[in-house]
There are 2 protein chains.
Amino acid sequence: MENNKKDTFRSIPTIKDVAIAAGVSLKTVSRVINNSDNVRPETREKVLAAIKAIGYQPNAIARSLRVKKTYTIGVIIADITNSFYSAIVRGIEDVAVSKNYSVLIANSDEVLKKEKLYARVFVEKQVEGMIIVPASGSQKYLENLAGHLPLVFVDRYPEGISAPVVKVENEKGAYDLTSHLLDHGYEEIAFIGYEPALTTAQERFAGFQKALQERGLKPRPELIKTGNKTVLDAYHATEEVLKQPRRPQAIFAANNFMMQGALRALNHAGLEVPRDVAVVGFDDFEMADAFRPRLTVVSQPAYTIGREAACLLFSKMENRSGGAEAVVLPTELIIRESCGCLRRKLEHELRFR
Amino acid sequence: MENNKKDTFRSIPTIKDVAIAAGVSLKTVSRVINNSDNVRPETREKVLAAIKAIGYQPNAIARSLRVKKTYTIGVIIADITNSFYSAIVRGIEDVAVSKNYSVLIANSDEVLKKEKLYARVFVEKQVEGMIIVPASGSQKYLENLAGHLPLVFVDRYPEGISAPVVKVENEKGAYDLTSHLLDHGYEEIAFIGYEPALTTAQERFAGFQKALQERGLKPRPELIKTGNKTVLDAYHATEEVLKQPRRPQAIFAANNFMMQGALRALNHAGLEVPRDVAVVGFDDFEMADAFRPRLTVVSQPAYTIGREAACLLFSKMENRSGGAEAVVLPTELIIRESCGCLRRKLEHELRFR
DNA sequence: CTGTTAGCGCTTTCAA
DNA sequence: TTGAAAGCGCTAACAG
C-alpha cells in the first residue's frame with residue numbers, strides 16, 4: 001500500500017529517479033545539474049535526456065537544507081500600497097533578482113507586533129538577510145532573533161539596535177520646502193504631520209522649524225497637527241487648521257498621505273490652491289506633475305533607496321565586514337505651482353500684457 | 001578542526017542541542033515545539049527553558065523538507081510600482097497572512113521570459129500555489145512546470161492553459177465610461193490604449209466601441225492610439241491626437257498610465273480639462289479625488305481582486321476540488337468633474353445666479 | 001508520556 | 001570520471 005501511493009499519484013520525481021532512469025549515480029546527476037565537476041559529455045547527455053523525460057524539477061528546499069543557503073531575503077515595509085514603499089521594494093527586488101535571489105515580503109502597517117512576527121517567520125524560513133522599515137518602538141528584539149543575520153534598515157533609524165540605515169536628508173528637504181514658502185512671503189504655515197515617534201517625522205519637523213527660526217519666526221502652535229495616521233486624519237487636521245480665525249497662508253504636508261488629506265480638505269472647503277492657500281508636500285509621486293495645479297514637493301529617490309539598501313545588504317551578506325553604516329541620500333526640491341509659483345507667473349503675465 | 005568550527009563560531013542551535021541541554025530526546029523537543037502530543041508539564045518546562053537558554057530557532061526549511069509544506073505562495077505581477085498591482089498584492093498578502101503563509105513576489109514587467117523564470121524559481125522553492133498576472137504570450141509552459149500546483153490568474157486571461165481567473169468587467173466598465181461621455185454630447189472621442197494583445201485591452205476597446213455603435217457612431221481611426229507601454233508613450237500618443245485638424249472633444253484613457261500621459265500632454269498643450277477637452281480613465285487611484293478637476297473614472301476593486309484570488313487559491317490548495325473557474329468583479333463608474341460635469345455644474349450655477 | 005530509527009531530497013566527503 | 005555513504009534539521013512511525 002505504501003508503495004502504491006508513489007505509483008498511483010506519480011509523486012514528484014527526485015534526483016534519484018533521474019539517476020535510475022539515466023543509469024548513473026545520484027552524484028553524477030547532481031554534478032550535471034550544478035555543472036560542478038567534470039562529467040563525460042555522453043553521460044551528461046544521458047542525464048539531461050532523463051531529466052527531460054521524467055520532468056524532473058530540482059527541489060530548492062532540500063538543496064537549501066544541505067548547503068545552508070536559501071537565496072532568499074526578507075523585506076518588511078509599512079504598506080506596499082503606499083507608492084513610496086512600493087518604489088523602494090522595486091529597487092530592492094531589482095538588485096535581488098540580479099543576484100539570483102528571491103524576496104519574501106510583508107506589511108507591518110507600522111505595528112511593531114506584526115513586524116516582530118514577520119521577522120521571526122522570515123528568520124525561521126532562513127532568509128539570508130532582511131531589509132526593514134522599522135515601526136516605532138524598539139528593534140532590540142532583533143538582536144536575539146536575527147543573531148548575526150545581515151540587516152539593513154530603510155527610511156528611518158531603528159531603536160535599540162545598531163545596523164546600517166538608508167535614508168534621506170529629511171531635515172534639509174523640509175527646510176528647503178519651508179524656505180521656499182517663506183520666500184513667497186507666507187509666514188503663517190500649517191504643519192500636517194504623522195507619527196511623531198518616527199525619526200523621519202522629527203527630522204522633517206526640525207527642518208520646518210529651522211527655516212522659520214532663521215527668519216525670526218516661530219510656528220503657531222494651533223497650526224501644528226501631528227500624529228495623523230491616515231488620509232482621513234490629515235483631512236480632519238486640515239479642516240481644523242482652516243477653521244482658525246487667522247487662516248494659514250500655506251500648508252506643509254509631511255508625507256504623501258498628509259498631502260492627500262490636505263488637498264481634499266481644501267477642495268471640500270472650496271478653497272483654491274494656491275490662490276487661497278498654498279500647499280507643499282514631502283515626497284513626490286507619479287501624479288503630482290499631472291495635477292492642476294501641479295504640486296510643489298520635495299522628492300525622495302525611493303527606487304534608489306531600495307537599490308542602495310539591497311546593495312548594502314548583499315555586501316554584508318557576501319563579506320562579513322561592516323560596509324557603510326548609513327547612506328543618506330539627497331532630496332530634491334521640485335518647484336511646480338501649488339506653492340504659489342503659478343500665481344506669481346500669472347501676475348507677471350498680467351502685468352506685462 | 002571540523003569540530004572546532006562548531007565551537008568557535010557557535011553554530012546555530014538545532015533541536016538536538018535543545019534535547020541535550022534539556023536532557024530529553026529529539027522527539028520530545030519536537031513535540032513541545034509543535035505541541036502535538038501530550039508532554040508532561042515539567043518536561044515541557046524543562047524543554048522550554050532549554051530553548052530560551054540556548055536561543056533556539058526552529059528551521060522551517062528542514063521542517064518543510066520533511067512535511068512537504070512550505071507555507072509559502074508565489075505572486076508574479078507586472079510591476080509593484082503600479083498602484084493597481086500593489087493593491088492586488090496587498091489583498092493577496094492579507095489573506096495569506098491570515099492563513100500563516102508568506103508570499104514570494106516578483107515583477108515580470110509584462111515580459112513573458114521573466115514570468116517564466118520567476119515561475120520556475122518559485123516552483124523549485126516549493127511554493128504551494130501561485131497567483132500570476134499573465135504577460136502577453138502563452139502560459140502553456142506552466143502545464144509542465146507547475147504540474148498540479150494550484151494556480152490562479154488575475155486581471156487577465158492566460159493563454160494556452162485553463163485555470164481560474166479573477167478579473168473585472170472590463171467591457172461594461174469601458175461601455176459605461178464611454179456612454180457617459182456620449183451623454184455629455186462628446187462624439188469625437190480619442191482612445192489612448194496599451195498593449196492590444198492583452199485581453200483587458202481588448203475588452204475595454206470592445207466596450208468603447210459598443211457604446212459608440214449603439215448611438216450609430218463609430219470611432220475615428222486617427223483618434224485610436226493603442227500599443228502604448230509607458231506614460232511617455234501615452235503622452236506622445238495624446239500629443240498626436242491633439243494635433244488632428246478636428247481636435248477630439250474627449251479622451252478615454254484605458255488605464256492609469258495612459259491617464260497620466262494624457263493629462264500631462266493636455267497640461268503641456270495648455271488645454272484645460274474639461275473646458276477644452278474632457279478626460280476619463282479606466283482605473284481609479286488614490287489621488288484621483290484630490291485632483292483639480294477631480295477625475296472621472298471607472299474604478300476597479302483592486303484590493304478585492306487580490307483577496308478573491310487568494311481565497312480561490314487557498315480553496316484549491318486545501319481541497320483538490322475545482323472551485324470557481326472565474327470570478328468577475330463589477331466596476332464602478334465614479335463621476336467627478338473631468339468628464340465635463342464640472343462645466344455643466346458651473347453653467348447651471350451661472351444661469352441661475 | 002517518552003525514545004529510537006528512518007528518511008524527506010539534496011550535496012559533500014572520500015574512495016575507487 | 002564516477003560511486004557509496006553520511007548527514008543537513010526536522011518529523012512520522014513505531015516501540016517501549
# chains A, B, ... in the order shown; residues from 1 in each chain; ligands from 1
call {"tool": "residues_around", "arguments": {"residues": "Ile192 (chain B)", "least_positions_apart": "4", "cutoff": "8 Å", "atoms": "only C-alpha atoms (C1' of nucleotides)", "output": "PyMOL selection string"}}
result
chain B and resi 224-226+228+234+237-238+251-254+258+262
call {"tool": "write_last_selection", "arguments": {"atoms": "C-alpha atoms", "output": "compact mmCIF listing (two decimals), in the first residue's frame"}}
result
# COMPACT_ATOMS: atom_id res chain seq x y z
CA ILE B 224 -7.36 55.47 -31.79
CA LYS B 225 -3.87 55.04 -30.36
CA THR B 226 -3.12 51.64 -28.92
CA ASN B 228 1.42 52.45 -25.63
CA ALA B 234 0.72 57.83 -23.86
CA ALA B 237 0.03 59.50 -28.46
CA THR B 238 -2.12 62.17 -26.88
CA ILE B 251 -10.19 61.39 -24.27
CA PHE B 252 -10.67 57.85 -22.99
CA ALA B 253 -7.55 56.64 -21.19
CA ALA B 254 -7.53 52.87 -20.98
CA MET B 258 -2.48 56.24 -20.16
CA ALA B 262 -2.89 62.14 -21.44
call {"tool": "select_by_dssp", "arguments": {"residues": "region 13-153 of chain B", "states": "helix (DSSP H, G or I)", "output": "PyMOL selection string"}}
result
chain B and resi 15-22+26-33+41-54+60-67+83-98+112-124+141-146
call {"tool": "interface_residues", "arguments": {"of": "chain C", "to": "chain B", "cutoff": "9 Å", "atoms": "only C-alpha atoms (C1' of nucleotides)", "output": "ChimeraX atom specification"}}
result
/C:1-3,7-9
call {"tool": "write_last_selection", "arguments": {"atoms": "N, CA, C and O atoms (P, O5', C5', C4', C3', O3' and C1' of nucleotides)", "output": "compact mmCIF listing (two decimals), in the first residue's frame"}}
result
# COMPACT_ATOMS: atom_id res chain seq x y z
P DC C 1 0.12 12.85 29.54
O5' DC C 1 1.49 12.08 29.54
C5' DC C 1 2.57 12.51 30.36
C4' DC C 1 3.72 11.63 30.06
C3' DC C 1 4.78 12.28 29.16
O3' DC C 1 5.99 12.33 29.90
C1' DC C 1 4.32 10.05 28.47
P DT C 2 7.19 13.21 29.41
O5' DT C 2 7.99 12.21 28.50
C5' DT C 2 8.87 11.27 29.11
C4' DT C 2 9.37 10.30 28.07
C3' DT C 2 10.35 10.87 27.07
O3' DT C 2 11.64 10.45 27.46
C1' DT C 2 8.87 9.29 26.10
P DG C 3 12.94 11.03 26.70
O5' DG C 3 13.25 9.83 25.69
C5' DG C 3 13.53 8.54 26.23
C4' DG C 3 13.70 7.53 25.10
C3' DG C 3 14.76 7.93 24.07
O3' DG C 3 15.62 6.81 23.88
C1' DG C 3 12.71 7.39 22.98
P DG C 7 14.31 4.17 5.65
O5' DG C 7 13.97 5.68 5.21
C5' DG C 7 12.64 6.14 5.30
C4' DG C 7 12.68 7.62 5.07
C3' DG C 7 13.58 8.03 3.90
O3' DG C 7 12.92 9.03 3.17
C1' DG C 7 14.15 9.24 5.79
P DC C 8 13.01 9.11 1.62
O5' DC C 8 12.37 10.55 1.33
C5' DC C 8 11.12 10.94 1.83
C4' DC C 8 11.13 12.44 2.04
C3' DC C 8 11.98 13.17 1.01
O3' DC C 8 11.13 13.66 -0.03
C1' DC C 8 12.42 13.94 3.27
P DG C 9 11.33 13.20 -1.52
O5' DG C 9 12.59 14.06 -1.96
C5' DG C 9 12.47 15.47 -2.08
C4' DG C 9 13.85 16.05 -2.26
C3' DG C 9 14.63 15.47 -3.45
O3' DG C 9 15.07 16.57 -4.22
C1' DG C 9 15.94 15.41 -1.48
call {"tool": "interface_residues", "arguments": {"of": "chain A", "to": "chain B", "cutoff": "7 Å", "atoms": "only C-alpha atoms", "output": "JSON, numbers by chain"}}
result
{"A": [57, 58, 59, 60, 61, 62, 65, 80, 81, 83, 86, 87, 90, 102, 103, 104, 105, 124, 125, 126, 260, 263, 264, 287, 290, 291, 292]}
call {"tool": "write_last_selection", "arguments": {"atoms": "C-alpha atoms", "output": "CSV table (one decimal), in the first residue's frame"}}
result
chain,number,residue,atom,x,y,z
A,57,GLN,CA,12.5,19.8,-11.2
A,58,PRO,CA,15.2,20.4,-8.6
A,59,ASN,CA,13.9,20.8,-5.0
A,60,ALA,CA,15.4,24.0,-3.7
A,61,ILE,CA,14.3,23.3,-0.2
A,62,ALA,CA,16.3,20.1,0.0
A,65,LEU,CA,18.9,22.5,3.9
A,80,ILE,CA,3.1,48.2,-0.2
A,81,THR,CA,0.1,50.2,-1.1
A,83,SER,CA,3.8,54.4,-3.6
A,86,SER,CA,6.4,50.1,-3.4
A,87,ALA,CA,9.2,52.0,-5.2
A,90,ARG,CA,11.0,47.6,-6.6
A,102,SER,CA,14.0,36.0,-4.3
A,103,VAL,CA,12.2,38.2,-1.9
A,104,LEU,CA,9.7,37.5,0.8
A,105,ILE,CA,7.6,40.5,1.6
A,124,GLU,CA,12.7,30.6,10.6
A,125,LYS,CA,12.4,30.4,6.8
A,126,GLN,CA,16.2,31.0,6.8
A,260,GLN,CA,-3.8,63.8,0.1
A,263,LEU,CA,-5.8,68.6,-0.7
A,264,ARG,CA,-9.1,67.0,-0.1
A,287,MET,CA,0.7,62.0,-10.5
A,290,ALA,CA,-0.3,65.9,-13.8
A,291,PHE,CA,-2.2,67.7,-11.0
A,292,ARG,CA,-3.9,71.0,-11.5
call {"tool": "interface_residues", "arguments": {"of": "chain D", "to": "chain A", "cutoff": "10 Å", "atoms": "only C-alpha atoms (C1' of nucleotides)", "output": "number ranges by chain"}}
result
D: 1-4, 7-9
call {"tool": "residues_around", "arguments": {"residues": "Glu143 (chain A)", "least_positions_apart": "6", "cutoff": "12 Å", "atoms": "only C-alpha atoms (C1' of nucleotides)", "output": "ChimeraX atom specification"}}
result
/A:116,119-120,149-151,159-163 /B:55
call {"tool": "select_by_dssp", "arguments": {"residues": "region 18-239 of chain B", "states": "strand (DSSP E)", "output": "mmCIF file with N, CA, C and O atoms, in the first residue's frame"}}
result
data_model
loop_
_atom_site.group_PDB
_atom_site.id
_atom_site.type_symbol
_atom_site.label_atom_id
_atom_site.label_comp_id
_atom_site.auth_asym_id
_atom_site.auth_seq_id
_atom_site.Cartn_x
_atom_site.Cartn_y
_atom_site.Cartn_z
ATOM 1 N N THR B 72 4.246 28.859 1.892
ATOM 2 C CA THR B 72 4.666 29.980 1.055
ATOM 3 C C THR B 72 3.928 29.918 -0.274
ATOM 4 O O THR B 72 3.771 28.838 -0.840
ATOM 5 N N ILE B 73 3.454 31.066 -0.742
ATOM 6 C CA ILE B 73 2.896 31.126 -2.091
ATOM 7 C C ILE B 73 3.712 32.121 -2.911
ATOM 8 O O ILE B 73 4.427 32.958 -2.353
ATOM 9 N N GLY B 74 3.622 32.008 -4.216
ATOM 10 C CA GLY B 74 4.353 32.917 -5.097
ATOM 11 C C GLY B 74 3.396 33.838 -5.835
ATOM 12 O O GLY B 74 2.307 33.421 -6.217
ATOM 13 N N VAL B 75 3.799 35.077 -6.000
ATOM 14 C CA VAL B 75 2.970 36.045 -6.720
ATOM 15 C C VAL B 75 3.819 36.714 -7.798
ATOM 16 O O VAL B 75 4.905 37.230 -7.513
ATOM 17 N N ILE B 76 3.350 36.648 -9.028
ATOM 18 C CA ILE B 76 4.058 37.321 -10.121
ATOM 19 C C ILE B 76 3.124 38.360 -10.736
ATOM 20 O O ILE B 76 2.077 38.011 -11.280
ATOM 21 N N ILE B 77 3.484 39.605 -10.600
ATOM 22 C CA ILE B 77 2.679 40.688 -11.157
ATOM 23 C C ILE B 77 3.503 41.432 -12.195
ATOM 24 O O ILE B 77 4.682 41.142 -12.383
ATOM 25 N N SER B 102 3.490 32.904 3.855
ATOM 26 C CA SER B 102 4.306 34.026 3.405
ATOM 27 C C SER B 102 4.182 34.139 1.900
ATOM 28 O O SER B 102 3.785 33.192 1.238
ATOM 29 N N VAL B 103 4.549 35.318 1.380
ATOM 30 C CA VAL B 103 4.497 35.445 -0.060
ATOM 31 C C VAL B 103 5.804 35.903 -0.682
ATOM 32 O O VAL B 103 6.445 36.839 -0.221
ATOM 33 N N LEU B 104 6.186 35.147 -1.706
ATOM 34 C CA LEU B 104 7.339 35.487 -2.527
ATOM 35 C C LEU B 104 6.803 36.307 -3.685
ATOM 36 O O LEU B 104 5.793 35.955 -4.287
ATOM 37 N N ILE B 105 7.490 37.389 -4.013
ATOM 38 C CA ILE B 105 6.947 38.257 -5.037
ATOM 39 C C ILE B 105 7.958 38.543 -6.137
ATOM 40 O O ILE B 105 9.165 38.540 -5.888
ATOM 41 N N ALA B 106 7.461 38.754 -7.355
ATOM 42 C CA ALA B 106 8.348 39.105 -8.463
ATOM 43 C C ALA B 106 7.616 39.951 -9.484
ATOM 44 O O ALA B 106 6.402 39.859 -9.631
ATOM 45 N N ASN B 107 8.351 40.785 -10.176
ATOM 46 C CA ASN B 107 7.809 41.689 -11.201
ATOM 47 C C ASN B 107 8.194 41.214 -12.589
ATOM 48 O O ASN B 107 9.370 41.120 -12.898
ATOM 49 N N MET B 130 0.483 29.538 -6.836
ATOM 50 C CA MET B 130 0.953 30.795 -7.419
ATOM 51 C C MET B 130 -0.215 31.623 -7.934
ATOM 52 O O MET B 130 -1.190 31.090 -8.457
ATOM 53 N N ILE B 131 -0.072 32.934 -7.810
ATOM 54 C CA ILE B 131 -1.023 33.878 -8.381
ATOM 55 C C ILE B 131 -0.247 34.711 -9.388
ATOM 56 O O ILE B 131 0.808 35.264 -9.071
ATOM 57 N N ILE B 132 -0.759 34.754 -10.604
ATOM 58 C CA ILE B 132 0.005 35.371 -11.690
ATOM 59 C C ILE B 132 -0.843 36.357 -12.490
ATOM 60 O O ILE B 132 -1.981 36.060 -12.843
ATOM 61 N N LEU B 151 -3.034 27.171 -9.228
ATOM 62 C CA LEU B 151 -2.682 28.393 -9.937
ATOM 63 C C LEU B 151 -3.930 29.262 -10.042
ATOM 64 O O LEU B 151 -5.015 28.757 -10.309
ATOM 65 N N VAL B 152 -3.768 30.553 -9.838
ATOM 66 C CA VAL B 152 -4.871 31.480 -10.097
ATOM 67 C C VAL B 152 -4.317 32.653 -10.900
ATOM 68 O O VAL B 152 -3.260 33.196 -10.556
ATOM 69 N N PHE B 153 -5.013 33.017 -11.956
ATOM 70 C CA PHE B 153 -4.600 34.183 -12.725
ATOM 71 C C PHE B 153 -5.434 35.385 -12.327
ATOM 72 O O PHE B 153 -6.557 35.232 -11.839
ATOM 73 N N VAL B 154 -4.875 36.522 -12.569
ATOM 74 C CA VAL B 154 -5.509 37.731 -12.078
ATOM 75 C C VAL B 154 -5.468 38.816 -13.149
ATOM 76 O O VAL B 154 -4.521 38.878 -13.933
ATOM 77 N N VAL B 165 -9.572 32.555 -13.090
ATOM 78 C CA VAL B 165 -9.149 33.939 -13.304
ATOM 79 C C VAL B 165 -10.018 34.843 -12.435
ATOM 80 O O VAL B 165 -11.221 34.633 -12.332
ATOM 81 N N VAL B 166 -9.398 35.816 -11.811
ATOM 82 C CA VAL B 166 -10.168 36.832 -11.096
ATOM 83 C C VAL B 166 -9.966 38.133 -11.841
ATOM 84 O O VAL B 166 -8.842 38.607 -11.986
ATOM 85 N N LYS B 167 -11.036 38.673 -12.341
ATOM 86 C CA LYS B 167 -10.923 39.865 -13.166
ATOM 87 C C LYS B 167 -12.127 40.764 -12.986
ATOM 88 O O LYS B 167 -12.986 40.517 -12.150
ATOM 89 N N VAL B 168 -12.190 41.746 -13.840
ATOM 90 C CA VAL B 168 -13.166 42.798 -13.698
ATOM 91 C C VAL B 168 -13.984 42.895 -14.989
ATOM 92 O O VAL B 168 -13.546 42.441 -16.037
ATOM 93 N N ILE B 189 -14.308 61.075 -29.702
ATOM 94 C CA ILE B 189 -13.560 60.627 -28.519
ATOM 95 C C ILE B 189 -12.282 59.898 -28.926
ATOM 96 O O ILE B 189 -12.320 58.963 -29.729
ATOM 97 N N ALA B 190 -11.168 60.332 -28.360
ATOM 98 C CA ALA B 190 -9.895 59.639 -28.623
ATOM 99 C C ALA B 190 -9.734 58.489 -27.641
ATOM 100 O O ALA B 190 -10.162 58.584 -26.486
ATOM 101 N N PHE B 191 -9.129 57.406 -28.105
ATOM 102 C CA PHE B 191 -8.893 56.237 -27.249
ATOM 103 C C PHE B 191 -7.387 56.039 -27.116
ATOM 104 O O PHE B 191 -6.705 55.771 -28.103
ATOM 105 N N ILE B 192 -6.875 56.213 -25.901
ATOM 106 C CA ILE B 192 -5.443 56.005 -25.661
ATOM 107 C C ILE B 192 -5.302 54.659 -24.953
ATOM 108 O O ILE B 192 -5.651 54.523 -23.774
ATOM 109 N N ILE B 224 -7.600 56.717 -32.523
ATOM 110 C CA ILE B 224 -7.363 55.475 -31.786
ATOM 111 C C ILE B 224 -5.869 55.204 -31.724
ATOM 112 O O ILE B 224 -5.229 54.958 -32.747
ATOM 113 N N LYS B 225 -5.310 55.259 -30.515
ATOM 114 C CA LYS B 225 -3.865 55.035 -30.362
ATOM 115 C C LYS B 225 -3.642 53.925 -29.355
ATOM 116 O O LYS B 225 -3.722 54.143 -28.146
#
call {"tool": "residues_around", "arguments": {"residues": "Ala206 (chain B)", "least_positions_apart": "2", "cutoff": "12 Å", "atoms": "only C-alpha atoms (C1' of nucleotides)", "output": "ChimeraX atom specification"}}
result
/B:169-176,178,191,193,196,199-204,208-213,218-219,254
call {"tool": "residues_around", "arguments": {"residues": "Glu318 (chain B)", "least_positions_apart": "6", "cutoff": "12 Å", "atoms": "only C-alpha atoms (C1' of nucleotides)", "output": "VMD selection string"}}
result
chain B and resid 99 128 to 129 149 to 150 311 to 312
call {"tool": "residues_around", "arguments": {"residues": "Asp276 (chain A)", "least_positions_apart": "5", "cutoff": "10 Å", "atoms": "only C-alpha atoms (C1' of nucleotides)", "output": "list in words"}}
result
Arg247, Pro248, Gln249, Ala250, Leu266, Gly270, Leu271 and Gly340 of chain A
